[in-house]
file final36.cif (mmCIF, C-alpha atoms)
data_input
#
loop_
_atom_site.group_PDB
_atom_site.id
_atom_site.type_symbol
_atom_site.label_atom_id
_atom_site.label_comp_id
_atom_site.auth_asym_id
_atom_site.auth_seq_id
_atom_site.Cartn_x
_atom_site.Cartn_y
_atom_site.Cartn_z
ATOM 1 C CA MET A 1 15.099 21.250 -85.786
ATOM 2 C CA PRO A 2 17.623 20.389 -83.033
ATOM 3 C CA VAL A 3 17.230 17.017 -81.252
ATOM 4 C CA THR A 4 16.656 18.561 -77.799
ATOM 5 C CA LYS A 5 13.853 20.772 -79.092
ATOM 6 C CA LEU A 6 12.315 17.792 -80.860
ATOM 7 C CA SER A 7 12.349 15.641 -77.716
ATOM 8 C CA ALA A 8 10.863 18.521 -75.686
ATOM 9 C CA THR A 9 8.048 18.859 -78.237
ATOM 10 C CA TYR A 10 7.502 15.097 -78.077
ATOM 11 C CA LYS A 11 7.285 15.254 -74.260
ATOM 12 C CA VAL A 12 4.746 18.092 -74.397
ATOM 13 C CA THR A 13 2.618 16.142 -76.907
ATOM 14 C CA GLU A 14 2.851 13.065 -74.693
ATOM 15 C CA ARG A 15 1.771 15.127 -71.684
ATOM 16 C CA ILE A 16 -1.235 16.552 -73.554
ATOM 17 C CA GLU A 17 -2.262 13.059 -74.690
ATOM 18 C CA GLU A 18 -1.953 11.758 -71.135
ATOM 19 C CA SER A 19 -4.056 14.650 -69.819
ATOM 20 C CA ALA A 20 -6.771 13.811 -72.351
ATOM 21 C CA PHE A 21 -6.568 10.164 -71.354
ATOM 22 C CA ILE A 22 -6.869 11.066 -67.651
ATOM 23 C CA GLU A 23 -9.887 13.220 -68.482
ATOM 24 C CA GLN A 24 -11.507 10.187 -70.139
ATOM 25 C CA LEU A 25 -10.781 8.133 -67.021
ATOM 26 C CA ILE A 26 -12.313 10.802 -64.791
ATOM 27 C CA GLN A 27 -15.440 10.767 -66.965
ATOM 28 C CA GLY A 28 -15.683 7.010 -66.357
ATOM 29 C CA SER A 29 -14.858 5.800 -69.867
ATOM 30 C CA GLU A 30 -14.708 2.004 -69.795
ATOM 31 C CA SER A 31 -12.444 1.765 -72.838
ATOM 32 C CA ALA A 32 -9.959 4.144 -71.207
ATOM 33 C CA PHE A 33 -9.996 2.115 -68.002
ATOM 34 C CA ARG A 34 -9.501 -1.106 -69.972
ATOM 35 C CA LYS A 35 -6.537 0.456 -71.780
ATOM 36 C CA LEU A 36 -5.033 1.619 -68.497
ATOM 37 C CA VAL A 37 -5.369 -1.864 -66.980
ATOM 38 C CA ASN A 38 -3.999 -3.642 -70.055
ATOM 39 C CA ASP A 39 -1.062 -1.237 -70.311
ATOM 40 C CA HIS A 40 -0.057 -1.525 -66.671
ATOM 41 C CA LYS A 41 -1.323 -4.869 -65.339
ATOM 42 C CA ASP A 42 1.863 -6.863 -65.947
ATOM 43 C CA ARG A 43 4.181 -4.263 -64.512
ATOM 44 C CA VAL A 44 1.921 -3.740 -61.486
ATOM 45 C CA TYR A 45 1.655 -7.510 -60.977
ATOM 46 C CA ASN A 46 5.427 -7.925 -61.295
ATOM 47 C CA THR A 47 6.049 -5.136 -58.784
ATOM 48 C CA CYS A 48 3.617 -6.685 -56.303
ATOM 49 C CA MET A 49 5.176 -10.091 -56.873
ATOM 50 C CA GLY A 50 8.633 -8.689 -56.180
ATOM 51 C CA PHE A 51 7.495 -7.495 -52.763
ATOM 52 C CA LEU A 52 4.946 -10.114 -51.772
ATOM 53 C CA ARG A 53 6.410 -13.320 -53.315
ATOM 54 C CA ASN A 54 2.999 -14.892 -53.471
ATOM 55 C CA PRO A 55 1.021 -15.111 -56.747
ATOM 56 C CA GLN A 56 -2.358 -14.924 -55.008
ATOM 57 C CA ASP A 57 -1.404 -11.887 -52.916
ATOM 58 C CA ALA A 58 0.160 -10.228 -55.970
ATOM 59 C CA GLU A 59 -3.055 -10.771 -57.936
ATOM 60 C CA ASP A 60 -5.240 -9.427 -55.102
ATOM 61 C CA VAL A 61 -3.063 -6.384 -54.519
ATOM 62 C CA SER A 62 -2.843 -5.673 -58.280
ATOM 63 C CA GLN A 63 -6.635 -5.628 -58.413
ATOM 64 C CA GLU A 64 -6.707 -3.337 -55.365
ATOM 65 C CA VAL A 65 -4.280 -1.012 -57.146
ATOM 66 C CA PHE A 66 -6.589 -0.593 -60.157
ATOM 67 C CA ILE A 67 -9.625 -0.202 -57.915
ATOM 68 C CA GLU A 68 -7.778 2.583 -56.095
ATOM 69 C CA VAL A 69 -6.925 4.182 -59.453
ATOM 70 C CA PHE A 70 -10.573 3.895 -60.501
ATOM 71 C CA ASP A 71 -11.717 5.494 -57.236
ATOM 72 C CA SER A 72 -9.218 8.302 -56.957
ATOM 73 C CA ILE A 73 -8.309 9.256 -60.520
ATOM 74 C CA SER A 74 -10.064 12.599 -59.976
ATOM 75 C CA ASP A 75 -7.574 13.340 -57.154
ATOM 76 C CA PHE A 76 -4.581 12.721 -59.417
ATOM 77 C CA ARG A 77 -2.726 16.038 -59.607
ATOM 78 C CA GLU A 78 -0.556 15.156 -62.621
ATOM 79 C CA ASP A 79 2.644 16.196 -60.841
ATOM 80 C CA ALA A 80 4.022 12.820 -61.906
ATOM 81 C CA SER A 81 3.232 10.630 -64.893
ATOM 82 C CA LEU A 82 0.239 8.311 -64.675
ATOM 83 C CA SER A 83 2.399 5.172 -64.712
ATOM 84 C CA THR A 84 4.569 6.513 -61.856
ATOM 85 C CA TRP A 85 1.418 7.184 -59.857
ATOM 86 C CA VAL A 86 0.132 3.664 -60.539
ATOM 87 C CA TYR A 87 3.520 2.241 -59.492
ATOM 88 C CA ARG A 88 3.441 4.290 -56.313
ATOM 89 C CA ILE A 89 0.050 2.853 -55.409
ATOM 90 C CA ALA A 90 1.320 -0.671 -56.141
ATOM 91 C CA VAL A 91 4.331 -0.198 -53.846
ATOM 92 C CA THR A 92 2.237 1.377 -51.079
ATOM 93 C CA LYS A 93 -0.395 -1.371 -51.218
ATOM 94 C CA SER A 94 2.237 -4.129 -51.224
ATOM 95 C CA LEU A 95 4.015 -2.593 -48.236
ATOM 96 C CA GLU A 96 0.701 -2.188 -46.423
ATOM 97 C CA LEU A 97 0.030 -5.909 -46.816
ATOM 98 C CA ILE A 98 3.546 -6.804 -45.638
ATOM 99 C CA ARG A 99 3.109 -4.590 -42.550
ATOM 100 C CA TYR A 100 -0.297 -6.127 -41.893
ATOM 101 C CA ARG A 101 1.200 -9.637 -42.139
ATOM 102 C CA LYS A 102 4.004 -8.676 -39.749
ATOM 103 C CA ARG A 103 1.520 -7.289 -37.223
ATOM 104 C CA LYS A 104 -0.494 -10.477 -37.555
ATOM 105 C CA LYS A 105 2.609 -12.594 -36.923
ATOM 106 C CA ARG A 106 3.480 -10.540 -33.847
ATOM 107 C CA SER A 107 0.059 -11.021 -32.322
ATOM 108 C CA GLY A 108 0.645 -14.776 -32.091
ATOM 109 C CA PHE A 109 -1.886 -15.327 -29.317
ATOM 110 C CA PHE A 110 -4.731 -13.790 -31.281
ATOM 111 C CA GLN A 111 -3.628 -15.640 -34.381
ATOM 112 C CA ALA A 112 -3.769 -18.932 -32.454
ATOM 113 C CA LEU A 113 -7.266 -18.009 -31.304
ATOM 114 C CA ASN A 114 -8.224 -17.111 -34.842
ATOM 115 C CA THR A 115 -7.033 -20.413 -36.281
ATOM 116 C CA MET A 116 -8.828 -22.205 -33.463
ATOM 117 C CA PHE A 117 -12.166 -20.707 -34.474
ATOM 118 C CA ASN A 118 -11.624 -20.145 -38.187
ATOM 119 C CA GLU A 119 -9.963 -21.880 -41.063
ATOM 120 C CA PRO A 120 -6.174 -21.813 -40.895
ATOM 121 C CA ASP A 121 -4.378 -19.160 -42.908
ATOM 122 C CA ASP A 122 -3.559 -20.638 -46.308
ATOM 123 C CA ASN A 123 -0.840 -18.195 -47.315
ATOM 124 C CA VAL A 124 2.100 -19.606 -49.182
ATOM 125 C CA ASP A 125 5.293 -19.583 -47.183
ATOM 126 C CA GLU A 126 7.373 -16.731 -48.635
ATOM 127 C CA THR A 127 10.621 -18.627 -48.108
ATOM 128 C CA GLU A 128 9.359 -21.424 -50.332
ATOM 129 C CA PHE A 129 8.154 -19.200 -53.154
ATOM 130 C CA MET A 130 10.175 -18.738 -56.295
ATOM 131 C CA HIS A 131 9.674 -15.882 -58.736
ATOM 132 C CA PRO A 132 8.528 -17.380 -62.070
ATOM 133 C CA GLY A 133 10.933 -15.264 -64.097
ATOM 134 C CA ILE A 134 14.137 -16.621 -62.544
ATOM 135 C CA GLU A 135 16.332 -18.960 -64.537
ATOM 136 C CA LEU A 136 16.425 -22.527 -63.216
ATOM 137 C CA GLU A 137 20.151 -22.468 -62.416
ATOM 138 C CA ASN A 138 19.685 -19.337 -60.279
ATOM 139 C CA LYS A 139 16.620 -20.446 -58.342
ATOM 140 C CA GLU A 140 18.415 -21.536 -55.152
ATOM 141 C CA ARG A 141 20.605 -18.451 -55.024
ATOM 142 C CA ALA A 142 17.660 -16.156 -55.777
ATOM 143 C CA LYS A 143 15.736 -17.741 -52.909
ATOM 144 C CA VAL A 144 18.615 -16.918 -50.543
ATOM 145 C CA LEU A 145 18.817 -13.385 -51.939
ATOM 146 C CA PHE A 146 15.076 -12.747 -51.544
ATOM 147 C CA ASN A 147 15.283 -13.859 -47.900
ATOM 148 C CA GLU A 148 18.133 -11.439 -47.291
ATOM 149 C CA ILE A 149 16.310 -8.592 -49.088
ATOM 150 C CA ASP A 150 13.532 -8.996 -46.526
ATOM 151 C CA LYS A 151 15.994 -8.112 -43.757
ATOM 152 C CA LEU A 152 16.832 -4.709 -45.290
ATOM 153 C CA THR A 153 15.192 -1.496 -44.107
ATOM 154 C CA GLU A 154 11.916 -0.702 -45.876
ATOM 155 C CA LYS A 155 13.358 2.098 -48.031
ATOM 156 C CA GLN A 156 16.389 0.068 -49.085
ATOM 157 C CA LYS A 157 14.123 -2.864 -49.854
ATOM 158 C CA VAL A 158 11.801 -0.743 -52.010
ATOM 159 C CA ALA A 159 14.636 0.906 -53.923
ATOM 160 C CA PHE A 160 16.535 -2.330 -54.474
ATOM 161 C CA THR A 161 13.445 -4.328 -55.507
ATOM 162 C CA LEU A 162 12.224 -1.678 -57.936
ATOM 163 C CA GLN A 163 15.623 -1.396 -59.547
ATOM 164 C CA LYS A 164 16.647 -5.051 -59.536
ATOM 165 C CA VAL A 165 13.396 -7.012 -59.876
ATOM 166 C CA GLU A 166 11.310 -4.487 -61.790
ATOM 167 C CA GLY A 167 14.242 -3.138 -63.777
ATOM 168 C CA LEU A 168 13.413 0.548 -63.266
ATOM 169 C CA SER A 169 16.091 3.153 -63.827
ATOM 170 C CA TYR A 170 17.406 5.096 -60.816
ATOM 171 C CA GLN A 171 15.425 8.149 -61.945
ATOM 172 C CA GLU A 172 12.216 6.104 -62.225
ATOM 173 C CA VAL A 173 12.821 4.663 -58.734
ATOM 174 C CA ALA A 174 13.309 8.211 -57.440
ATOM 175 C CA ASP A 175 10.018 9.292 -59.049
ATOM 176 C CA VAL A 176 8.101 6.357 -57.576
ATOM 177 C CA MET A 177 9.621 6.879 -54.128
ATOM 178 C CA GLU A 178 9.149 10.669 -54.337
ATOM 179 C CA SER A 179 12.809 11.050 -53.541
ATOM 180 C CA SER A 180 15.872 12.648 -55.108
ATOM 181 C CA LEU A 181 18.191 10.795 -57.481
ATOM 182 C CA PRO A 182 21.243 10.965 -55.135
ATOM 183 C CA ALA A 183 19.114 9.661 -52.257
ATOM 184 C CA VAL A 184 18.039 6.658 -54.331
ATOM 185 C CA GLU A 185 21.606 6.017 -55.491
ATOM 186 C CA SER A 186 22.722 6.057 -51.880
ATOM 187 C CA LEU A 187 19.856 3.756 -50.818
ATOM 188 C CA ILE A 188 20.658 1.177 -53.491
ATOM 189 C CA HIS A 189 24.383 1.359 -52.719
ATOM 190 C CA ARG A 190 23.730 0.777 -49.022
ATOM 191 C CA ALA A 191 21.287 -2.019 -49.831
ATOM 192 C CA LYS A 192 23.955 -3.771 -51.923
ATOM 193 C CA GLU A 193 26.568 -3.344 -49.192
ATOM 194 C CA ASN A 194 24.229 -4.702 -46.533
ATOM 195 C CA LEU A 195 23.252 -7.621 -48.753
ATOM 196 C CA LYS A 196 26.906 -8.469 -49.298
ATOM 197 C CA LYS A 197 27.501 -8.559 -45.539
ATOM 198 C CA GLN A 198 24.349 -10.551 -44.879
ATOM 199 C CA LEU A 199 25.128 -13.074 -47.614
ATOM 200 C CA HIS A 200 28.665 -13.422 -46.322
ATOM 201 C CA SER A 201 27.501 -14.373 -42.873
ATOM 202 C CA TYR A 202 24.782 -16.599 -44.380
ATOM 203 C CA TYR A 203 27.307 -18.606 -46.377
ATOM 204 C CA GLN A 204 29.660 -18.758 -43.423
ATOM 205 C CA GLN A 205 26.921 -20.273 -41.308
ATOM 206 C CA ASN A 206 25.736 -22.597 -44.055
ATOM 207 C CA GLU A 207 29.066 -23.870 -45.285
ATOM 208 C CA ILE A 208 29.358 -24.368 -49.012
ATOM 209 C CA ASP A 209 31.349 -27.095 -50.739
ATOM 210 C CA MET B 1 41.737 -19.430 -48.045
ATOM 211 C CA LYS B 2 39.935 -21.482 -50.674
ATOM 212 C CA LYS B 3 36.798 -21.471 -48.547
ATOM 213 C CA ARG B 4 36.953 -17.682 -48.266
ATOM 214 C CA LYS B 5 37.285 -17.362 -52.033
ATOM 215 C CA ASN B 6 34.332 -19.694 -52.476
ATOM 216 C CA ILE B 7 32.197 -17.557 -50.184
ATOM 217 C CA HIS B 8 33.131 -14.411 -52.130
ATOM 218 C CA GLU B 9 32.240 -16.074 -55.405
ATOM 219 C CA GLU B 10 28.969 -17.379 -54.024
ATOM 220 C CA VAL B 11 28.005 -13.933 -52.689
ATOM 221 C CA ASP B 12 28.702 -12.373 -56.091
ATOM 222 C CA LYS B 13 26.753 -15.073 -57.927
ATOM 223 C CA THR B 14 23.833 -14.683 -55.511
ATOM 224 C CA LEU B 15 23.781 -10.924 -56.008
ATOM 225 C CA ARG B 16 23.734 -11.489 -59.768
ATOM 226 C CA SER B 17 21.008 -14.153 -59.597
ATOM 227 C CA LEU B 18 18.284 -11.600 -60.322
ATOM 228 C CA ASP B 19 20.123 -10.025 -63.259
ATOM 229 C CA ASN B 20 18.205 -11.647 -66.110
ATOM 230 C CA ILE B 21 14.909 -11.975 -64.315
ATOM 231 C CA GLU B 22 11.890 -12.213 -66.601
ATOM 232 C CA PRO B 23 8.926 -10.129 -65.417
ATOM 233 C CA ALA B 24 6.037 -12.088 -63.941
ATOM 234 C CA LYS B 25 2.834 -11.697 -65.955
ATOM 235 C CA THR B 26 -0.853 -11.905 -65.203
ATOM 236 C CA ASP B 27 -3.127 -14.067 -67.336
ATOM 237 C CA ALA B 28 -5.554 -12.874 -70.004
ATOM 238 C CA PHE B 29 -8.518 -12.849 -67.627
ATOM 239 C CA PHE B 30 -7.137 -10.274 -65.221
ATOM 240 C CA TYR B 31 -9.391 -7.502 -66.550
ATOM 241 C CA SER B 32 -12.505 -9.713 -66.311
ATOM 242 C CA ARG B 33 -11.705 -10.598 -62.706
ATOM 243 C CA LEU B 34 -11.054 -6.944 -61.917
ATOM 244 C CA THR B 35 -14.353 -5.738 -63.406
ATOM 245 C CA ALA B 36 -16.190 -8.570 -61.590
ATOM 246 C CA LYS B 37 -14.621 -7.388 -58.326
ATOM 247 C CA LEU B 38 -15.610 -3.793 -59.088
ATOM 248 C CA GLU B 39 -19.209 -4.827 -59.868
ATOM 249 C CA ASN B 40 -19.341 -6.947 -56.731
ATOM 250 C CA ARG B 41 -18.039 -4.049 -54.684
ATOM 251 C CA LYS B 42 -20.686 -1.711 -56.152
ATOM 252 C CA GLU B 43 -23.476 -4.115 -55.204
ATOM 253 C CA LYS B 44 -22.061 -4.506 -51.713
ATOM 254 C CA GLY B 45 -21.733 -0.735 -51.516
ATOM 255 C CA TYR B 46 -25.422 -0.281 -52.321
ATOM 256 C CA GLN B 47 -26.404 -2.896 -49.746
ATOM 257 C CA LEU B 48 -24.120 -1.338 -47.194
ATOM 258 C CA SER B 49 -25.353 2.184 -47.903
ATOM 259 C CA GLY B 50 -28.950 0.972 -47.360
ATOM 260 C CA LYS B 51 -27.939 -0.514 -44.046
ATOM 261 C CA THR B 52 -26.011 2.610 -43.081
ATOM 262 C CA GLU B 53 -29.029 4.788 -43.912
ATOM 263 C CA PHE B 54 -31.234 2.672 -41.666
ATOM 264 C CA GLY B 55 -28.610 2.758 -38.919
ATOM 265 C CA PHE B 56 -28.360 6.530 -39.205
ATOM 266 C CA LYS B 57 -32.127 6.945 -38.917
ATOM 267 C CA LEU B 58 -32.146 4.642 -35.899
ATOM 268 C CA ALA B 59 -29.382 6.641 -34.231
ATOM 269 C CA VAL B 60 -31.186 9.953 -34.864
ATOM 270 C CA ALA B 61 -34.428 8.532 -33.445
ATOM 271 C CA ALA B 62 -32.589 7.278 -30.340
ATOM 272 C CA VAL B 63 -30.949 10.674 -29.785
ATOM 273 C CA LEU B 64 -34.307 12.482 -30.179
ATOM 274 C CA ILE B 65 -35.960 10.137 -27.660
ATOM 275 C CA MET B 66 -33.136 10.701 -25.171
ATOM 276 C CA VAL B 67 -33.301 14.490 -25.566
ATOM 277 C CA SER B 68 -37.077 14.609 -25.139
ATOM 278 C CA LEU B 69 -36.893 12.349 -22.042
ATOM 279 C CA ASN B 70 -34.287 14.671 -20.552
ATOM 280 C CA LEU B 71 -36.440 17.740 -21.269
ATOM 281 C CA ILE B 72 -39.515 16.125 -19.692
ATOM 282 C CA SER B 73 -37.594 15.159 -16.573
ATOM 283 C CA LEU B 74 -36.102 18.652 -16.329
ATOM 284 C CA ILE B 75 -39.522 20.311 -16.536
ATOM 285 C CA GLN B 76 -41.246 17.798 -14.285
ATOM 286 C CA PHE B 77 -38.724 17.690 -11.458
ATOM 287 C CA GLN B 78 -37.496 21.279 -11.517
ATOM 288 C CA PRO B 79 -36.400 22.313 -7.966
ATOM 289 C CA VAL B 80 -38.368 25.206 -6.334
ATOM 290 C CA THR B 81 -36.216 28.321 -6.518
ATOM 291 C CA THR B 82 -36.859 31.329 -4.280
ATOM 292 C CA ASP B 83 -35.124 34.686 -4.207
ATOM 293 C CA THR B 84 -32.977 35.780 -1.250
ATOM 294 C CA ALA B 85 -35.433 38.233 0.335
ATOM 295 C CA GLU B 86 -38.178 35.714 0.271
ATOM 296 C CA ALA B 87 -35.870 33.143 1.768
ATOM 297 C CA GLU B 88 -34.854 35.479 4.606
ATOM 298 C CA ALA B 89 -38.472 36.316 5.356
ATOM 299 C CA THR B 90 -39.325 32.675 5.524
ATOM 300 C CA THR B 91 -36.438 32.051 7.939
ATOM 301 C CA GLU B 92 -37.578 34.964 10.220
ATOM 302 C CA ASN B 93 -41.147 33.698 10.275
ATOM 303 C CA TRP B 94 -39.935 30.284 11.118
ATOM 304 C CA ALA B 95 -37.800 31.613 14.039
ATOM 305 C CA GLU B 96 -40.710 33.616 15.443
ATOM 306 C CA GLU B 97 -42.983 30.659 15.213
ATOM 307 C CA PHE B 98 -40.370 28.495 16.911
ATOM 308 C CA THR B 99 -39.760 30.895 19.823
ATOM 309 C CA ALA B 100 -43.470 31.516 20.244
ATOM 310 C CA SER B 101 -44.145 27.850 20.544
ATOM 311 C CA TYR B 102 -41.477 27.476 23.287
ATOM 312 C CA GLN B 103 -42.068 30.972 24.816
ATOM 313 C CA VAL B 104 -38.383 31.530 25.520
ATOM 314 C CA LEU B 105 -38.037 34.968 24.063
ATOM 315 C CA ASP B 106 -40.032 36.858 26.714
ATOM 316 C CA LEU B 107 -37.716 39.812 27.307
ATOM 317 C CA GLY B 108 -39.619 41.129 30.352
ATOM 318 C CA TYR B 109 -39.544 37.789 32.158
ATOM 319 C CA TYR B 110 -37.156 38.865 35.008
ATOM 320 C CA ASP B 111 -38.859 42.261 35.434
ATOM 321 C CA ASN B 112 -42.111 40.513 35.875
ATOM 322 C CA LEU B 113 -40.510 38.162 38.354
ATOM 323 C CA GLU B 114 -39.108 41.046 40.540
ATOM 324 C CA GLN B 115 -42.431 42.847 40.577
ATOM 325 C CA GLU B 116 -44.104 39.730 41.819
#
call {"tool": "encode", "arguments": {"input": "final36.cif", "output": "structure tokens"}}
result
Amino acid sequence: MPVTKLSATYKVTERIEESAFIEQLIQGSESAFRKLVNDHKDRVYNTCMGFLRNPQDAEDVSQEVFIEVFDSISDFREDASLSTWVYRIAVTKSLELIRYRKRKKRSGFFQALNTMFNEPDDNVDETEFMHPGIELENKERAKVLFNEIDKLTEKQKVAFTLQKVEGLSYQEVADVMESSLPAVESLIHRAKENLKKQLHSYYQQNEID
Amino acid sequence: MKKRKNIHEEVDKTLRSLDNIEPAKTDAFFYSRLTAKLENRKEKGYQLSGKTEFGFKLAVAAVLIMVSLNLISLIQFQPVTTDTAEAEATTENWAEEFTASYQVLDLGYYDNLEQE
């Protein structure tokens, strides 16, 4: 049997197995849900961490992702793989929290009022956070890079983070972002170019020895 | 020149700083925390749905009371409506009564005066 035919058969079998698994999830099988969580929790957490740079936020959002999956699995149309769908939810939820935080920062007056009457916000400062998976010798540089990634446009940020931090292939990034492969290639290229420029001016301002 | 080269090198190193990044991992109790959150949410959902049901009943009762009050006031204070002919007749009667009381519409007044 030729290799291409074999891989196509394998894909079909995989698809059928996934459909059966989704059916179990729809029926509310606890073992299926546990399997889904255990299979995806680390990747979801890592994705959230890449965007949010805060272990507590990443944990909360990861939980929200699986709750969303639990709630809306019956709406899943299977036009993408289950893991892509889960990733998509993780990205959307992380971006939602970032947008919410930005709005909160903008409304400084109301925030001041809020802290006056409530407990102060105990979020970790993103600039001080360091991803746990970064080698010690790269920590300072990675901190600078993460700060510059934040200045990119949302799409460039998503594409770059998914590819660089999460290690997804360009095709996987395209699937998660519901975009075409050339569009993702262009986004990541532009993100790299912009980062180069930004880092250049950063190091010019903060002179290095 | 040297400074420029240094900046270039530093930019390249910074861009490569995420190259061998190890993925961050959750701990072993993630699933337990997740199921606890789901359970907690279910309980809250039940409590909330009870409250919502009561609120809905209250709102329906308030709307019914308002509608019935409106109906009562409409029936009670309905303005008296008359048709056009009736209205005209009433106006004529009123004019006759008015002129009779002042006796100004005596058409033979001057004839009577000349004869006298």
call {"tool": "residues_around", "arguments": {"input": "final36.cif", "residues": "Lys155 (chain A)", "least_positions_apart": "2", "cutoff": "10 Å", "atoms": "only C-alpha atoms", "output": "PDB file with C-alpha atoms, in the coordinates of the input"}}
result
ATOM      1  CA  LEU A 152      16.832  -4.709 -45.290  1.00  0.00           C
ATOM      2  CA  THR A 153      15.192  -1.496 -44.107  1.00  0.00           C
ATOM      3  CA  LYS A 157      14.123  -2.864 -49.854  1.00  0.00           C
ATOM      4  CA  VAL A 158      11.801  -0.743 -52.010  1.00  0.00           C
ATOM      5  CA  ALA A 159      14.636   0.906 -53.923  1.00  0.00           C
ATOM      6  CA  PHE A 160      16.535  -2.330 -54.474  1.00  0.00           C
ATOM      7  CA  THR A 161      13.445  -4.328 -55.507  1.00  0.00           C
ATOM      8  CA  MET A 177       9.621   6.879 -54.128  1.00  0.00           C
ATOM      9  CA  VAL A 184      18.039   6.658 -54.331  1.00  0.00           C
ATOM     10  CA  LEU A 187      19.856   3.756 -50.818  1.00  0.00           C
ATOM     11  CA  ILE A 188      20.658   1.177 -53.491  1.00  0.00           C
ATOM     12  CA  ALA A 191      21.287  -2.019 -49.831  1.00  0.00           C
TER      13      ALA A 191
END
call {"tool": "interface_residues", "arguments": {"input": "final36.cif", "of": "chain B", "to": "chain A", "cutoff": "12 Å", "atoms": "only C-alpha atoms", "output": "PDB file with C-alpha atoms, in the coordinates of the input"}}
result
ATOM      1  CA  LYS B   2      39.935 -21.482 -50.674  1.00  0.00           C
ATOM      2  CA  LYS B   3      36.798 -21.471 -48.547  1.00  0.00           C
ATOM      3  CA  ARG B   4      36.953 -17.682 -48.266  1.00  0.00           C
ATOM      4  CA  LYS B   5      37.285 -17.362 -52.033  1.00  0.00           C
ATOM      5  CA  ASN B   6      34.332 -19.694 -52.476  1.00  0.00           C
ATOM      6  CA  ILE B   7      32.197 -17.557 -50.184  1.00  0.00           C
ATOM      7  CA  HIS B   8      33.131 -14.411 -52.130  1.00  0.00           C
ATOM      8  CA  GLU B   9      32.240 -16.074 -55.405  1.00  0.00           C
ATOM      9  CA  GLU B  10      28.969 -17.379 -54.024  1.00  0.00           C
ATOM     10  CA  VAL B  11      28.005 -13.933 -52.689  1.00  0.00           C
ATOM     11  CA  ASP B  12      28.702 -12.373 -56.091  1.00  0.00           C
ATOM     12  CA  LYS B  13      26.753 -15.073 -57.927  1.00  0.00           C
ATOM     13  CA  THR B  14      23.833 -14.683 -55.511  1.00  0.00           C
ATOM     14  CA  LEU B  15      23.781 -10.924 -56.008  1.00  0.00           C
ATOM     15  CA  ARG B  16      23.734 -11.489 -59.768  1.00  0.00           C
ATOM     16  CA  SER B  17      21.008 -14.153 -59.597  1.00  0.00           C
ATOM     17  CA  LEU B  18      18.284 -11.600 -60.322  1.00  0.00           C
ATOM     18  CA  ASP B  19      20.123 -10.025 -63.259  1.00  0.00           C
ATOM     19  CA  ASN B  20      18.205 -11.647 -66.110  1.00  0.00           C
ATOM     20  CA  ILE B  21      14.909 -11.975 -64.315  1.00  0.00           C
ATOM     21  CA  GLU B  22      11.890 -12.213 -66.601  1.00  0.00           C
ATOM     22  CA  PRO B  23       8.926 -10.129 -65.417  1.00  0.00           C
ATOM     23  CA  ALA B  24       6.037 -12.088 -63.941  1.00  0.00           C
ATOM     24  CA  LYS B  25       2.834 -11.697 -65.955  1.00  0.00           C
ATOM     25  CA  THR B  26      -0.853 -11.905 -65.203  1.00  0.00           C
ATOM     26  CA  ASP B  27      -3.127 -14.067 -67.336  1.00  0.00           C
ATOM     27  CA  ALA B  28      -5.554 -12.874 -70.004  1.00  0.00           C
ATOM     28  CA  PHE B  29      -8.518 -12.849 -67.627  1.00  0.00           C
ATOM     29  CA  PHE B  30      -7.137 -10.274 -65.221  1.00  0.00           C
ATOM     30  CA  TYR B  31      -9.391  -7.502 -66.550  1.00  0.00           C
ATOM     31  CA  SER B  32     -12.505  -9.713 -66.311  1.00  0.00           C
ATOM     32  CA  ARG B  33     -11.705 -10.598 -62.706  1.00  0.00           C
ATOM     33  CA  LEU B  34     -11.054  -6.944 -61.917  1.00  0.00           C
ATOM     34  CA  THR B  35     -14.353  -5.738 -63.406  1.00  0.00           C
ATOM     35  CA  ALA B  36     -16.190  -8.570 -61.590  1.00  0.00           C
ATOM     36  CA  LYS B  37     -14.621  -7.388 -58.326  1.00  0.00           C
ATOM     37  CA  LEU B  38     -15.610  -3.793 -59.088  1.00  0.00           C
ATOM     38  CA  GLU B  39     -19.209  -4.827 -59.868  1.00  0.00           C
ATOM     39  CA  ASN B  40     -19.341  -6.947 -56.731  1.00  0.00           C
ATOM     40  CA  ARG B  41     -18.039  -4.049 -54.684  1.00  0.00           C
ATOM     41  CA  LYS B  42     -20.686  -1.711 -56.152  1.00  0.00           C
TER      42      LYS B  42
END
call {"tool": "atom_distance", "arguments": {"input": "final36.cif", "atom1": "CA of Arg15 (chain A)", "atom2": "CA of Val91 (chain A)"}}
result
23.7 Å
